[in-house]
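The next block is target_10.cif, given as mmCIF, C-alpha atoms.
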```
data_model
#
loop_
_atom_site.label_atom_id
_atom_site.label_comp_id
_atom_site.auth_asym_id
_atom_site.auth_seq_id
_atom_site.Cartn_x
_atom_site.Cartn_y
_atom_site.Cartn_z
CA MET A 1 -1.46 -5.63 14.94
CA LYS A 2 -2.93 -4.83 11.52
CA ALA A 3 0.28 -2.98 10.64
CA PHE A 4 2.33 -5.97 11.76
CA ALA A 5 0.17 -8.23 9.55
CA LEU A 6 0.94 -5.96 6.61
CA PHE A 7 4.65 -6.07 7.47
CA LYS A 8 4.45 -9.87 7.60
CA LYS A 9 2.78 -9.96 4.18
CA ASP A 10 5.49 -7.66 2.76
CA TRP A 11 8.28 -9.68 4.34
CA LEU A 12 6.99 -13.00 2.91
CA SER A 13 6.49 -11.30 -0.44
CA GLU A 14 10.06 -9.98 -0.29
CA LEU A 15 11.42 -13.46 0.51
CA ARG A 16 9.67 -14.78 -2.61
CA THR A 17 10.35 -11.94 -5.04
CA ARG A 18 13.74 -10.66 -3.66
CA TYR A 19 12.90 -7.27 -5.11
CA ALA A 20 14.72 -5.16 -2.48
CA ILE A 21 17.13 -7.56 -0.75
CA ASN A 22 18.97 -8.49 -3.95
CA ALA A 23 19.18 -4.87 -5.12
CA LEU A 24 20.53 -3.77 -1.74
CA ALA A 25 23.05 -6.61 -1.43
CA MET A 26 24.41 -6.00 -4.93
CA PHE A 27 24.58 -2.25 -4.41
CA ILE A 28 26.46 -2.59 -1.11
CA LEU A 29 28.97 -5.04 -2.63
CA VAL A 30 29.54 -2.93 -5.74
CA THR A 31 29.99 0.41 -3.93
CA ILE A 32 32.33 -0.95 -1.28
CA SER A 33 34.36 -2.75 -3.98
CA VAL A 34 34.63 0.44 -6.04
CA ILE A 35 35.79 2.39 -2.97
CA LEU A 36 38.40 -0.29 -2.17
CA PHE A 37 39.66 -0.34 -5.79
CA SER A 38 39.86 3.45 -5.99
CA ILE A 39 41.74 3.73 -2.69
CA GLY A 40 44.27 1.03 -3.65
CA GLN A 41 47.30 1.22 -1.35
CA GLU A 42 46.52 4.78 -0.20
CA LYS A 43 45.92 5.31 3.48
CA ILE A 44 42.78 7.32 4.06
CA THR A 45 41.93 9.32 7.17
CA GLU A 46 39.47 8.16 9.83
CA TYR A 47 37.11 11.07 9.16
CA LEU A 48 36.99 10.25 5.44
CA THR A 49 36.08 6.61 6.20
CA GLY A 50 33.30 7.83 8.49
CA GLY A 51 32.01 10.06 5.69
CA LEU A 52 32.20 7.23 3.17
CA LEU A 53 30.15 5.02 5.50
CA TRP A 54 27.19 7.42 5.39
CA VAL A 55 27.59 8.00 1.63
CA VAL A 56 27.29 4.24 1.06
CA ILE A 57 24.34 4.06 3.46
CA PHE A 58 22.54 6.98 1.74
CA PHE A 59 22.87 5.57 -1.77
CA SER A 60 22.09 2.01 -0.66
CA ALA A 61 18.90 3.31 0.94
CA MET A 62 18.07 5.01 -2.35
CA SER A 63 18.50 1.77 -4.27
CA GLY A 64 16.16 -0.40 -2.21
CA LEU A 65 13.87 1.43 0.18
CA SER A 66 11.45 2.79 -2.39
CA ARG A 67 10.29 -0.80 -2.83
CA ALA A 68 7.71 -0.46 -0.06
CA PHE A 69 5.31 1.52 -2.21
CA VAL A 70 6.76 1.35 -5.73
CA SER A 71 6.33 -2.43 -5.97
CA GLU A 72 2.66 -2.12 -4.95
CA GLU A 73 2.12 0.61 -7.56
CA GLU A 74 3.96 -1.31 -10.32
CA ARG A 75 2.04 -4.52 -9.64
CA GLY A 76 -1.25 -2.60 -9.40
CA THR A 77 -1.97 -3.83 -5.85
CA THR A 78 -2.24 -0.32 -4.35
CA LEU A 79 -6.01 -0.44 -4.84
CA THR A 80 -6.18 -3.78 -3.02
CA LEU A 81 -4.39 -2.28 -0.02
CA GLN A 82 -6.69 0.74 -0.06
CA LEU A 83 -9.64 -1.65 0.14
CA ILE A 84 -8.44 -3.58 3.17
CA ALA A 85 -6.83 -1.08 5.52
CA ALA A 86 -6.85 2.52 6.73
CA PRO A 87 -4.00 4.79 5.51
CA ALA A 88 -2.36 4.87 8.97
CA THR A 89 -2.19 1.05 9.01
CA ILE A 90 -0.60 0.98 5.56
CA PHE A 91 2.02 3.56 6.51
CA SER A 92 2.82 1.79 9.79
CA GLY A 93 3.19 -1.59 8.05
CA LYS A 94 5.47 -0.18 5.36
CA LEU A 95 7.47 1.72 7.98
CA ILE A 96 8.08 -1.44 10.05
CA PHE A 97 9.29 -3.17 6.86
CA ASN A 98 11.69 -0.32 6.00
CA VAL A 99 12.98 -0.04 9.59
CA ILE A 100 13.91 -3.75 9.57
CA LEU A 101 15.45 -3.44 6.10
CA VAL A 102 17.48 -0.32 7.04
CA PHE A 103 18.81 -1.96 10.20
CA LEU A 104 19.82 -5.14 8.34
CA MET A 105 21.39 -3.13 5.52
CA ASN A 106 23.27 -0.73 7.79
CA ILE A 107 24.52 -3.45 10.13
CA ALA A 108 25.94 -5.25 7.07
CA ILE A 109 27.56 -2.06 5.70
CA THR A 110 29.05 -1.08 9.07
CA PHE A 111 30.35 -4.62 9.64
CA LEU A 112 32.02 -4.58 6.19
CA PHE A 113 33.58 -1.18 6.98
CA PHE A 114 34.98 -2.53 10.26
CA ILE A 115 36.65 -5.49 8.57
CA LEU A 116 37.71 -3.86 5.27
CA PHE A 117 38.87 -0.37 6.31
CA GLU A 118 41.77 -0.17 8.76
CA SER A 119 41.10 3.49 9.45
CA PHE A 120 37.46 2.88 10.47
CA VAL A 121 38.09 3.00 14.22
CA ILE A 122 35.30 3.93 16.64
CA LYS A 123 36.64 4.95 20.05
CA ASN A 124 33.28 5.67 21.72
CA PHE A 125 31.10 2.76 20.67
CA LEU A 126 28.12 3.87 22.80
CA LEU A 127 27.94 7.24 21.05
CA PHE A 128 28.19 5.59 17.64
CA THR A 129 25.40 3.15 18.63
CA PHE A 130 23.12 6.07 19.62
CA ALA A 131 23.80 7.81 16.29
CA PHE A 132 23.40 4.57 14.36
CA ILE A 133 20.01 3.68 15.90
CA LEU A 134 18.51 7.18 15.67
CA GLY A 135 19.95 7.62 12.17
CA ASN A 136 18.46 4.35 10.97
CA PHE A 137 15.02 5.34 12.22
CA GLY A 138 15.36 8.73 10.50
CA ILE A 139 16.41 7.16 7.20
CA ALA A 140 13.58 4.60 7.38
CA ILE A 141 10.88 7.20 8.17
CA SER A 142 12.00 9.66 5.48
CA SER A 143 12.51 6.94 2.87
CA THR A 144 9.06 5.51 3.50
CA ILE A 145 7.15 8.77 3.07
CA ILE A 146 9.25 9.77 0.03
CA ALA A 147 8.62 6.32 -1.47
CA ALA A 148 4.88 6.90 -1.04
CA ILE A 149 5.16 10.26 -2.84
CA ILE A 150 7.28 9.07 -5.76
CA SER A 151 5.30 5.84 -6.29
CA LYS A 152 2.61 7.97 -7.95
CA ALA A 153 5.12 9.72 -10.24
CA GLY A 154 6.29 8.71 -13.70
CA SER A 155 10.09 8.74 -13.32
CA LYS A 156 10.34 6.98 -9.97
CA GLY A 157 14.00 5.91 -10.18
CA THR A 158 15.36 9.42 -10.77
CA LEU A 159 12.98 11.24 -8.47
CA TYR A 160 13.71 9.16 -5.37
CA PRO A 161 17.33 10.26 -4.68
CA VAL A 162 16.61 13.80 -5.91
CA LEU A 163 13.69 14.24 -3.50
CA SER A 164 15.42 12.37 -0.68
CA PHE A 165 18.64 14.41 -0.73
CA PRO A 166 17.30 17.70 0.73
CA ILE A 167 15.12 15.83 3.24
CA LEU A 168 17.90 13.52 4.43
CA LEU A 169 20.64 16.19 4.32
CA PRO A 170 20.18 17.51 7.91
CA LEU A 171 20.10 13.92 9.16
CA ILE A 172 23.23 12.85 7.25
CA LEU A 173 25.17 15.99 8.31
CA THR A 174 24.33 15.35 11.99
CA LEU A 175 25.26 11.69 11.63
CA LEU A 176 28.60 12.66 10.06
CA GLU A 177 29.29 14.95 12.99
CA LEU A 178 28.39 12.28 15.56
CA THR A 179 30.48 9.64 13.76
CA LYS A 180 33.42 12.05 13.90
CA PHE A 181 32.85 12.56 17.64
CA ALA A 182 32.64 8.77 18.17
CA MET A 183 35.92 8.35 16.26
CA ASP A 184 37.53 11.02 18.46
CA GLY A 185 36.29 9.22 21.58
CA GLU A 186 34.18 12.14 22.80
CA LEU A 187 31.70 11.50 25.62
CA VAL A 188 27.97 11.04 25.03
CA SER A 189 27.32 13.94 27.44
CA ASP A 190 29.37 16.24 25.17
CA SER A 191 27.33 15.27 22.10
CA LEU A 192 23.83 15.75 23.52
CA VAL A 193 22.96 18.62 21.16
CA GLU A 194 23.54 16.45 18.08
CA ILE A 195 21.69 13.50 19.65
CA PHE A 196 18.69 15.76 20.41
CA VAL A 197 18.79 17.03 16.81
CA LEU A 198 18.45 13.40 15.64
CA VAL A 199 15.60 12.74 18.09
CA CYS A 200 13.82 15.92 16.91
CA TYR A 201 14.35 14.98 13.26
CA ASP A 202 12.85 11.52 13.82
CA VAL A 203 9.84 12.85 15.77
CA ILE A 204 9.13 15.66 13.27
CA MET A 205 9.44 13.36 10.24
CA LEU A 206 7.24 10.71 11.86
CA THR A 207 4.51 13.20 12.78
CA ALA A 208 4.63 14.95 9.40
CA SER A 209 4.54 11.59 7.60
CA TYR A 210 1.40 10.40 9.40
CA LEU A 211 -0.29 13.77 8.77
CA LEU A 212 0.66 13.82 5.08
CA PHE A 213 0.11 10.19 4.23
CA ASP A 214 -3.71 10.43 3.97
CA PHE A 215 -3.36 13.01 1.19
CA ILE A 216 -0.59 11.15 -0.63
CA TRP A 217 -2.34 7.79 -0.46
CA LYS A 218 -5.63 8.87 -2.04
CA GLU A 219 -5.74 9.31 -5.81
CA MET B 220 -31.42 -7.67 6.70
CA ASN B 221 -28.74 -5.04 7.20
CA ASN B 222 -29.70 -1.39 7.27
CA PHE B 223 -27.00 0.12 5.09
CA SER B 224 -27.62 3.21 3.00
CA LEU B 225 -25.61 5.24 0.57
CA THR B 226 -26.49 8.79 -0.51
CA LEU B 227 -24.92 10.76 -3.35
CA LYS B 228 -25.45 14.49 -2.94
CA ASP B 229 -24.58 16.68 -5.94
CA VAL B 230 -21.64 14.42 -6.78
CA THR B 231 -19.61 15.96 -9.60
CA LYS B 232 -16.30 14.81 -11.08
CA ILE B 233 -14.10 16.82 -13.41
CA PHE B 234 -10.73 15.54 -14.71
CA GLY B 235 -8.74 18.55 -15.92
CA ARG B 236 -11.25 20.34 -18.14
CA ARG B 237 -13.35 17.25 -18.85
CA LEU B 238 -16.64 16.89 -17.03
CA ILE B 239 -17.25 13.23 -16.21
CA PHE B 240 -20.64 13.69 -14.52
CA ASP B 241 -22.44 16.57 -12.92
CA LYS B 242 -24.56 16.72 -9.75
CA ILE B 243 -25.58 13.12 -9.29
CA ASN B 244 -28.20 12.84 -6.54
CA PHE B 245 -29.28 9.35 -5.63
CA SER B 246 -30.03 7.17 -2.62
CA PHE B 247 -29.24 3.47 -2.35
CA GLN B 248 -30.66 1.12 0.31
CA SER B 249 -29.70 -2.39 1.36
CA GLY B 250 -31.91 -5.20 0.11
CA LYS B 251 -31.75 -4.15 -3.53
CA VAL B 252 -29.49 -4.43 -6.57
CA TYR B 253 -28.69 -1.10 -8.26
CA GLY B 254 -26.99 -0.53 -11.58
CA LEU B 255 -24.59 2.12 -12.84
CA ALA B 256 -24.97 2.14 -16.61
CA GLY B 257 -23.33 3.97 -19.47
CA PRO B 258 -21.11 3.32 -22.48
CA ASN B 259 -17.33 2.85 -22.24
CA GLY B 260 -15.63 5.96 -20.84
CA SER B 261 -18.86 7.37 -19.42
CA GLY B 262 -17.55 7.36 -15.83
CA LYS B 263 -18.96 4.16 -14.31
CA SER B 264 -15.61 3.15 -12.82
CA THR B 265 -14.95 6.72 -11.65
CA LEU B 266 -18.30 6.78 -9.84
CA SER B 267 -17.57 3.32 -8.38
CA LYS B 268 -14.24 4.61 -7.05
CA ILE B 269 -15.94 7.69 -5.57
CA ILE B 270 -18.60 5.53 -3.89
CA SER B 271 -15.91 3.26 -2.46
CA GLY B 272 -13.88 6.21 -1.13
CA LEU B 273 -10.92 5.56 -3.42
CA LEU B 274 -11.40 8.85 -5.24
CA GLU B 275 -12.65 12.22 -4.02
CA PRO B 276 -15.47 13.91 -5.93
CA THR B 277 -14.67 17.37 -7.32
CA GLN B 278 -17.88 18.59 -5.69
CA GLY B 279 -20.60 17.02 -3.61
CA LYS B 280 -20.78 14.42 -0.89
CA VAL B 281 -21.00 10.66 -0.54
CA ILE B 282 -22.65 9.58 2.70
CA HIS B 283 -22.44 5.99 3.93
CA GLU B 284 -24.68 5.03 6.86
CA ASN B 285 -25.06 1.82 8.79
CA ASN B 286 -28.12 1.64 11.07
CA GLY B 287 -28.47 5.41 10.74
CA GLU B 288 -24.90 6.10 11.83
CA ASN B 289 -22.40 7.80 9.57
CA ILE B 290 -19.39 5.70 8.58
CA ILE B 291 -16.11 7.60 8.63
CA PRO B 292 -13.90 7.17 5.51
CA GLU B 293 -11.14 5.41 7.53
CA LYS B 294 -13.58 2.65 8.51
CA LEU B 295 -15.37 2.28 5.18
CA HIS B 296 -13.18 -0.63 4.02
CA ASN B 297 -14.72 -2.80 6.78
CA TYR B 298 -18.17 -2.44 5.16
CA LEU B 299 -17.13 -2.62 1.53
CA GLY B 300 -16.62 -5.51 -0.88
CA PHE B 301 -15.23 -4.39 -4.22
CA VAL B 302 -14.65 -6.22 -7.50
CA SER B 303 -13.24 -4.50 -10.56
CA PRO B 304 -11.05 -5.24 -13.59
CA TYR B 305 -8.27 -3.03 -12.18
CA LEU B 306 -8.19 -4.84 -8.83
CA VAL B 307 -5.02 -6.97 -8.63
CA LEU B 308 -4.28 -9.60 -5.98
CA TYR B 309 -0.80 -10.83 -5.01
CA ASP B 310 0.59 -13.15 -7.68
CA GLU B 311 3.42 -14.40 -5.46
CA PHE B 312 0.97 -15.89 -2.94
CA THR B 313 -1.44 -18.80 -3.24
CA ALA B 314 -5.19 -18.21 -3.12
CA GLU B 315 -5.31 -19.30 0.52
CA GLU B 316 -2.32 -17.14 1.49
CA ASN B 317 -3.91 -14.11 -0.19
CA LEU B 318 -7.12 -14.60 1.79
CA PHE B 319 -5.20 -15.22 5.02
CA HIS B 320 -3.14 -12.03 4.66
CA PHE B 321 -6.17 -9.94 3.71
CA SER B 322 -8.05 -11.12 6.82
CA LYS B 323 -5.11 -10.39 9.09
CA ILE B 324 -4.47 -6.93 7.59
CA ARG B 325 -8.19 -6.16 8.06
CA GLY B 326 -7.69 -7.05 11.72
CA THR B 327 -10.07 -10.01 11.62
CA ASN B 328 -9.46 -13.68 12.26
CA TYR B 329 -9.06 -15.80 9.15
CA ASP B 330 -12.37 -17.63 8.78
CA SER B 331 -11.12 -20.82 7.15
CA GLU B 332 -14.63 -22.31 6.98
CA LYS B 333 -15.99 -19.33 5.06
CA ALA B 334 -12.90 -19.26 2.84
CA LYS B 335 -13.39 -22.96 2.06
CA PHE B 336 -17.08 -22.39 1.33
CA LEU B 337 -16.33 -19.51 -1.08
CA LEU B 338 -13.41 -21.32 -2.76
CA GLU B 339 -15.66 -24.32 -3.32
CA GLU B 340 -18.53 -22.14 -4.52
CA PHE B 341 -16.28 -20.50 -7.11
CA ASN B 342 -14.81 -23.85 -8.06
CA ILE B 343 -11.17 -23.10 -7.23
CA TYR B 344 -10.84 -25.05 -3.97
CA ASN B 345 -8.68 -27.70 -5.65
CA ARG B 346 -6.28 -24.99 -6.85
CA ARG B 347 -6.14 -23.13 -3.51
CA THR B 348 -2.47 -23.96 -2.94
CA ASP B 349 -1.35 -22.78 -6.39
CA LEU B 350 0.33 -19.40 -6.74
CA LEU B 351 -2.01 -16.81 -8.25
CA LYS B 352 0.43 -16.20 -11.12
CA ALA B 353 -0.53 -19.65 -12.41
CA TYR B 354 -4.23 -18.74 -12.49
CA SER B 355 -6.14 -17.91 -15.67
CA SER B 356 -7.85 -14.52 -15.97
CA GLY B 357 -11.22 -16.15 -15.24
CA MET B 358 -9.89 -17.80 -12.09
CA LYS B 359 -8.41 -14.49 -10.96
CA GLN B 360 -11.82 -12.89 -11.47
CA ARG B 361 -13.36 -15.59 -9.26
CA MET B 362 -10.70 -14.90 -6.62
CA LYS B 363 -11.67 -11.22 -6.66
CA PHE B 364 -15.21 -12.21 -5.66
CA ILE B 365 -13.89 -14.30 -2.78
CA PHE B 366 -11.70 -11.36 -1.73
CA ALA B 367 -14.77 -9.09 -1.81
CA LEU B 368 -17.07 -11.43 0.11
CA LEU B 369 -14.82 -13.04 2.74
CA HIS B 370 -15.35 -10.30 5.37
CA SER B 371 -19.17 -10.26 4.88
CA PRO B 372 -19.50 -6.64 3.69
CA GLN B 373 -22.77 -4.66 3.74
CA LEU B 374 -21.97 -2.74 0.54
CA ILE B 375 -20.94 -4.85 -2.47
CA LEU B 376 -19.72 -2.84 -5.42
CA LEU B 377 -19.16 -4.79 -8.61
CA ASP B 378 -17.49 -3.04 -11.53
CA GLU B 379 -17.78 -5.16 -14.71
CA PRO B 380 -18.44 -8.27 -12.55
CA THR B 381 -18.65 -10.82 -15.34
CA SER B 382 -15.58 -9.81 -17.35
CA ASN B 383 -13.32 -12.82 -18.12
CA LEU B 384 -15.88 -15.29 -16.75
CA ASP B 385 -17.26 -18.29 -18.62
CA ASN B 386 -20.98 -19.09 -18.63
CA SER B 387 -20.86 -21.16 -15.45
CA GLY B 388 -18.90 -18.38 -13.74
CA LYS B 389 -21.47 -15.81 -14.82
CA GLU B 390 -24.33 -17.96 -13.54
CA LYS B 391 -22.57 -18.34 -10.20
CA VAL B 392 -22.01 -14.58 -9.96
CA TYR B 393 -25.69 -13.88 -10.69
CA GLU B 394 -26.72 -16.41 -8.06
CA ILE B 395 -24.44 -14.75 -5.49
CA ILE B 396 -25.65 -11.25 -6.38
CA LYS B 397 -29.27 -12.33 -5.79
CA ARG B 398 -28.35 -14.00 -2.51
CA GLU B 399 -26.30 -11.04 -1.23
CA ALA B 400 -29.00 -8.53 -2.24
CA GLU B 401 -31.43 -10.16 0.19
CA LYS B 402 -29.57 -8.57 3.09
CA ASN B 403 -26.96 -6.21 1.63
CA LEU B 404 -26.67 -3.33 -0.80
CA VAL B 405 -25.34 -4.46 -4.19
CA ILE B 406 -24.30 -2.01 -6.91
CA ILE B 407 -23.29 -3.23 -10.37
CA ALA B 408 -21.40 -0.95 -12.77
CA SER B 409 -21.69 -2.50 -16.19
CA ASN B 410 -22.90 -2.10 -19.73
CA GLU B 411 -23.78 -5.78 -20.14
CA ASP B 412 -27.54 -6.21 -20.51
CA SER B 413 -27.48 -9.51 -18.62
CA ASP B 414 -25.75 -7.83 -15.62
CA LEU B 415 -28.14 -4.88 -15.60
CA ALA B 416 -31.15 -7.20 -15.88
CA LEU B 417 -30.60 -8.04 -12.19
CA CYS B 418 -30.94 -4.40 -11.10
CA LYS B 419 -34.09 -2.94 -9.58
CA GLU B 420 -32.99 0.64 -10.28
CA ILE B 421 -30.40 1.95 -12.72
CA VAL B 422 -28.42 5.20 -12.66
CA ASN B 423 -27.53 6.12 -16.23
CA ILE B 424 -24.42 8.26 -16.05
CA GLU B 425 -25.08 9.76 -19.47
CA ASP B 426 -28.04 11.54 -17.85
CA PHE B 427 -25.69 13.52 -15.64
CA LYS B 428 -23.42 15.14 -18.19
CA ASN B 429 -25.57 18.16 -18.87
CA ASN B 430 -25.05 20.70 -16.07
CA GLY B 431 -27.01 18.68 -13.58
CA ASN B 432 -30.16 18.55 -15.67
CA SER B 433 -31.30 15.01 -16.07
CA LYS B 434 -32.26 14.36 -19.70
#
```

Could you show the structure in this file as structure tokens?
Amino acid sequence: MKAFALFKKDWLSELRTRYAINALAMFILVTISVILFSIGQEKITEYLTGGLLWVVIFFSAMSGLSRAFVSEEERGTTLTLQLIAAPATIFSGKLIFNVILVFLMNIAITFLFFILFESFVIKNFLLFTFAFILGNFGIAISSTIIAAIISKAGSKGTLYPVLSFPILLPLILTLLELTKFAMDGELVSDSLVEIFVLVCYDVIMLTASYLLFDFIWKE
Amino acid sequence: MNNFSLTLKDVTKIFGRRLIFDKINFSFQSGKVYGLAGPNGSGKSTLSKIISGLLEPTQGKVIHENNGENIIPEKLHNYLGFVSPYLVLYDEFTAEENLFHFSKIRGTNYDSEKAKFLLEEFNIYNRRTDLLKAYSSGMKQRMKFIFALLHSPQLILLDEPTSNLDNSGKEKVYEIIKREAEKNLVIIASNEDSDLALCKEIVNIEDFKNNGNSK
């Protein structure tokens, strides 16, 4: 419950400061608008729309998810957190915050894709839902631990996408594959390998994050 | 009185190639006020951070014990009250909200009676519903004391405790230090003579810059 209390503090703080929500909302609107303008009257393929969805999701995550730790570091409140909770509590609280933020962000992006792109057609919605949920957890876990690492660095803004790219690449590639399968209407039973890859990715990242966080968190 | 003890065993800190202090050996017991003295840049804050578990020593050990039992680093925050100039509370919350969130994140119930008592004692009860960003630096310093004392810690570590405080604030802090030292361990890191005058024993960090040989 301590982690949930930290999440609640972060959520109320976010509602007052709008540090991440505004950045994310603006980024989503701008990227989707740019894609729509650049496509114009062209008809793009289903697979390309699926790819664009995860490109928008990746870069949106990069624009807002570092907030969890960077805002604490910038305001100088990291020390305060270190004085009131164990590292595992801090990581869990920040992770809950990022999971909620990723789900809200990705639901909004996917909804906009459904209404704005004619070629974004999902034939197997169950498979897409599996990929979407597991993918969101993967993005949230990776983004949280990378945010903790880069919050101590000087050039936070540049480092975040650079460090995230190789870590998120296996996740994004698997998600692209599963989105393609969902667009083709393939069965969940035929996509089990990719789903297990996502489960493994989430479990490995979560375990590694909890193990590493103690070392990252201390000065 | 609580039975809290703190032992520094050969504690050494080196930043890059700069030796901050070398082989500090000292024992602290509850029921007393101790001082960490030294000029600016001598390493008082660094030693305070090492004692509070925020920083690892390059060499040596810091042992915290409560009733003879070792306290693991993950639990130390439950026993520690810390005030320092580089401690920052949440500006977007009111004083009361800050204290409420801190209690909940610690996993304790928010003791509104104790919070009221401390807010009144530090003379900011009437401003408890104001956002912290509207507070003066002196009021923020008072809030740091409330933050440090709300969970009734056994080890109270005060780094430059009277910075930004007016005379009445300083008097209040001295009164609280004397009261807390009756049952807890209080350590003051300062170079103010009036702060150090409260201390029964003083560790002068300048004495530990010479290969472990006390001057």

### Task
Quick one: everything within 9 Å of A:Ile44, counting only C-alpha atoms, minus sequence neighbours fewer than 4 positions away in the same chain. Send it as a list in words.
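Contacts, with the query itself left out: Ile39, Leu48, Thr49, Phe117, Glu118 and Ser119 of chain A.
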
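Under the PyMOL selection byres ((chain B) within 7 of (chain A)), the matching residues in the shown file are Leu273, Leu274, Glu293, Lys294, His296, Leu306, Val307, Leu308, Glu311, His320, Phe321, Lys323, Ile324, Arg325 and Gly326 of chain B.
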
For the provided coordinates, the residues matched by the PyMOL selection byres ((chain A and resi 170) around 12) should be stated as a PDB file with C-alpha atoms, in the coordinates of the input.
```pdb
ATOM      1  CA  GLY A 135      19.950   7.620  12.170  1.00  0.00           C
ATOM      2  CA  GLY A 138      15.360   8.730  10.500  1.00  0.00           C
ATOM      3  CA  ILE A 139      16.410   7.160   7.200  1.00  0.00           C
ATOM      4  CA  SER A 142      12.000   9.660   5.480  1.00  0.00           C
ATOM      5  CA  SER A 164      15.420  12.370  -0.680  1.00  0.00           C
ATOM      6  CA  PHE A 165      18.640  14.410  -0.730  1.00  0.00           C
ATOM      7  CA  PRO A 166      17.300  17.700   0.730  1.00  0.00           C
ATOM      8  CA  ILE A 167      15.120  15.830   3.240  1.00  0.00           C
ATOM      9  CA  LEU A 168      17.900  13.520   4.430  1.00  0.00           C
ATOM     10  CA  LEU A 169      20.640  16.190   4.320  1.00  0.00           C
ATOM     11  CA  LEU A 171      20.100  13.920   9.160  1.00  0.00           C
ATOM     12  CA  ILE A 172      23.230  12.850   7.250  1.00  0.00           C
ATOM     13  CA  LEU A 173      25.170  15.990   8.310  1.00  0.00           C
ATOM     14  CA  THR A 174      24.330  15.350  11.990  1.00  0.00           C
ATOM     15  CA  LEU A 175      25.260  11.690  11.630  1.00  0.00           C
ATOM     16  CA  LEU A 176      28.600  12.660  10.060  1.00  0.00           C
ATOM     17  CA  GLU A 177      29.290  14.950  12.990  1.00  0.00           C
ATOM     18  CA  GLU A 194      23.540  16.450  18.080  1.00  0.00           C
ATOM     19  CA  VAL A 197      18.790  17.030  16.810  1.00  0.00           C
ATOM     20  CA  LEU A 198      18.450  13.400  15.640  1.00  0.00           C
ATOM     21  CA  CYS A 200      13.820  15.920  16.910  1.00  0.00           C
ATOM     22  CA  TYR A 201      14.350  14.980  13.260  1.00  0.00           C
ATOM     23  CA  ASP A 202      12.850  11.520  13.820  1.00  0.00           C
ATOM     24  CA  MET A 205       9.440  13.360  10.240  1.00  0.00           C
TER      25      MET A 205
END
```

### Summary
atom CA of A:Ala108 sits from atom CA of A:Phe27 at a separation of 11.9 Å

### Task
For A:Val99, list every protein, DNA or RNA residue within 8 Å, evaluated using all atoms listed in the file, and leave out those in the same chain fewer than 3 positions away; present the list as a list in words.
Leu95, Ile96, Val102, Phe103, Asn136, Phe137, Ala140 and Ile141 of chain A

### Query
If the PyMOL selection byres ((chain B and resi 243-258) around 7) is run on the structure shown, which residues does it catch, given as a ChimeraX atom specification?
/B:221-231,241-242,259-261,263,400-410,415,417-425,427

Can you spit out the residues from that selection as a PDB file, in the frame of the given file, using C-alpha atoms?
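Final file, part.pdb:
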```
ATOM      1  CA  ASN B 221     -28.740  -5.040   7.200  1.00  0.00           C
ATOM      2  CA  ASN B 222     -29.700  -1.390   7.270  1.00  0.00           C
ATOM      3  CA  PHE B 223     -27.000   0.120   5.090  1.00  0.00           C
ATOM      4  CA  SER B 224     -27.620   3.210   3.000  1.00  0.00           C
ATOM      5  CA  LEU B 225     -25.610   5.240   0.570  1.00  0.00           C
ATOM      6  CA  THR B 226     -26.490   8.790  -0.510  1.00  0.00           C
ATOM      7  CA  LEU B 227     -24.920  10.760  -3.350  1.00  0.00           C
ATOM      8  CA  LYS B 228     -25.450  14.490  -2.940  1.00  0.00           C
ATOM      9  CA  ASP B 229     -24.580  16.680  -5.940  1.00  0.00           C
ATOM     10  CA  VAL B 230     -21.640  14.420  -6.780  1.00  0.00           C
ATOM     11  CA  THR B 231     -19.610  15.960  -9.600  1.00  0.00           C
ATOM     12  CA  ASP B 241     -22.440  16.570 -12.920  1.00  0.00           C
ATOM     13  CA  LYS B 242     -24.560  16.720  -9.750  1.00  0.00           C
ATOM     14  CA  ASN B 259     -17.330   2.850 -22.240  1.00  0.00           C
ATOM     15  CA  GLY B 260     -15.630   5.960 -20.840  1.00  0.00           C
ATOM     16  CA  SER B 261     -18.860   7.370 -19.420  1.00  0.00           C
ATOM     17  CA  LYS B 263     -18.960   4.160 -14.310  1.00  0.00           C
ATOM     18  CA  ALA B 400     -29.000  -8.530  -2.240  1.00  0.00           C
ATOM     19  CA  GLU B 401     -31.430 -10.160   0.190  1.00  0.00           C
ATOM     20  CA  LYS B 402     -29.570  -8.570   3.090  1.00  0.00           C
ATOM     21  CA  ASN B 403     -26.960  -6.210   1.630  1.00  0.00           C
ATOM     22  CA  LEU B 404     -26.670  -3.330  -0.800  1.00  0.00           C
ATOM     23  CA  VAL B 405     -25.340  -4.460  -4.190  1.00  0.00           C
ATOM     24  CA  ILE B 406     -24.300  -2.010  -6.910  1.00  0.00           C
ATOM     25  CA  ILE B 407     -23.290  -3.230 -10.370  1.00  0.00           C
ATOM     26  CA  ALA B 408     -21.400  -0.950 -12.770  1.00  0.00           C
ATOM     27  CA  SER B 409     -21.690  -2.500 -16.190  1.00  0.00           C
ATOM     28  CA  ASN B 410     -22.900  -2.100 -19.730  1.00  0.00           C
ATOM     29  CA  LEU B 415     -28.140  -4.880 -15.600  1.00  0.00           C
ATOM     30  CA  LEU B 417     -30.600  -8.040 -12.190  1.00  0.00           C
ATOM     31  CA  CYS B 418     -30.940  -4.400 -11.100  1.00  0.00           C
ATOM     32  CA  LYS B 419     -34.090  -2.940  -9.580  1.00  0.00           C
ATOM     33  CA  GLU B 420     -32.990   0.640 -10.280  1.00  0.00           C
ATOM     34  CA  ILE B 421     -30.400   1.950 -12.720  1.00  0.00           C
ATOM     35  CA  VAL B 422     -28.420   5.200 -12.660  1.00  0.00           C
ATOM     36  CA  ASN B 423     -27.530   6.120 -16.230  1.00  0.00           C
ATOM     37  CA  ILE B 424     -24.420   8.260 -16.050  1.00  0.00           C
ATOM     38  CA  GLU B 425     -25.080   9.760 -19.470  1.00  0.00           C
ATOM     39  CA  PHE B 427     -25.690  13.520 -15.640  1.00  0.00           C
TER      40      PHE B 427
END
```
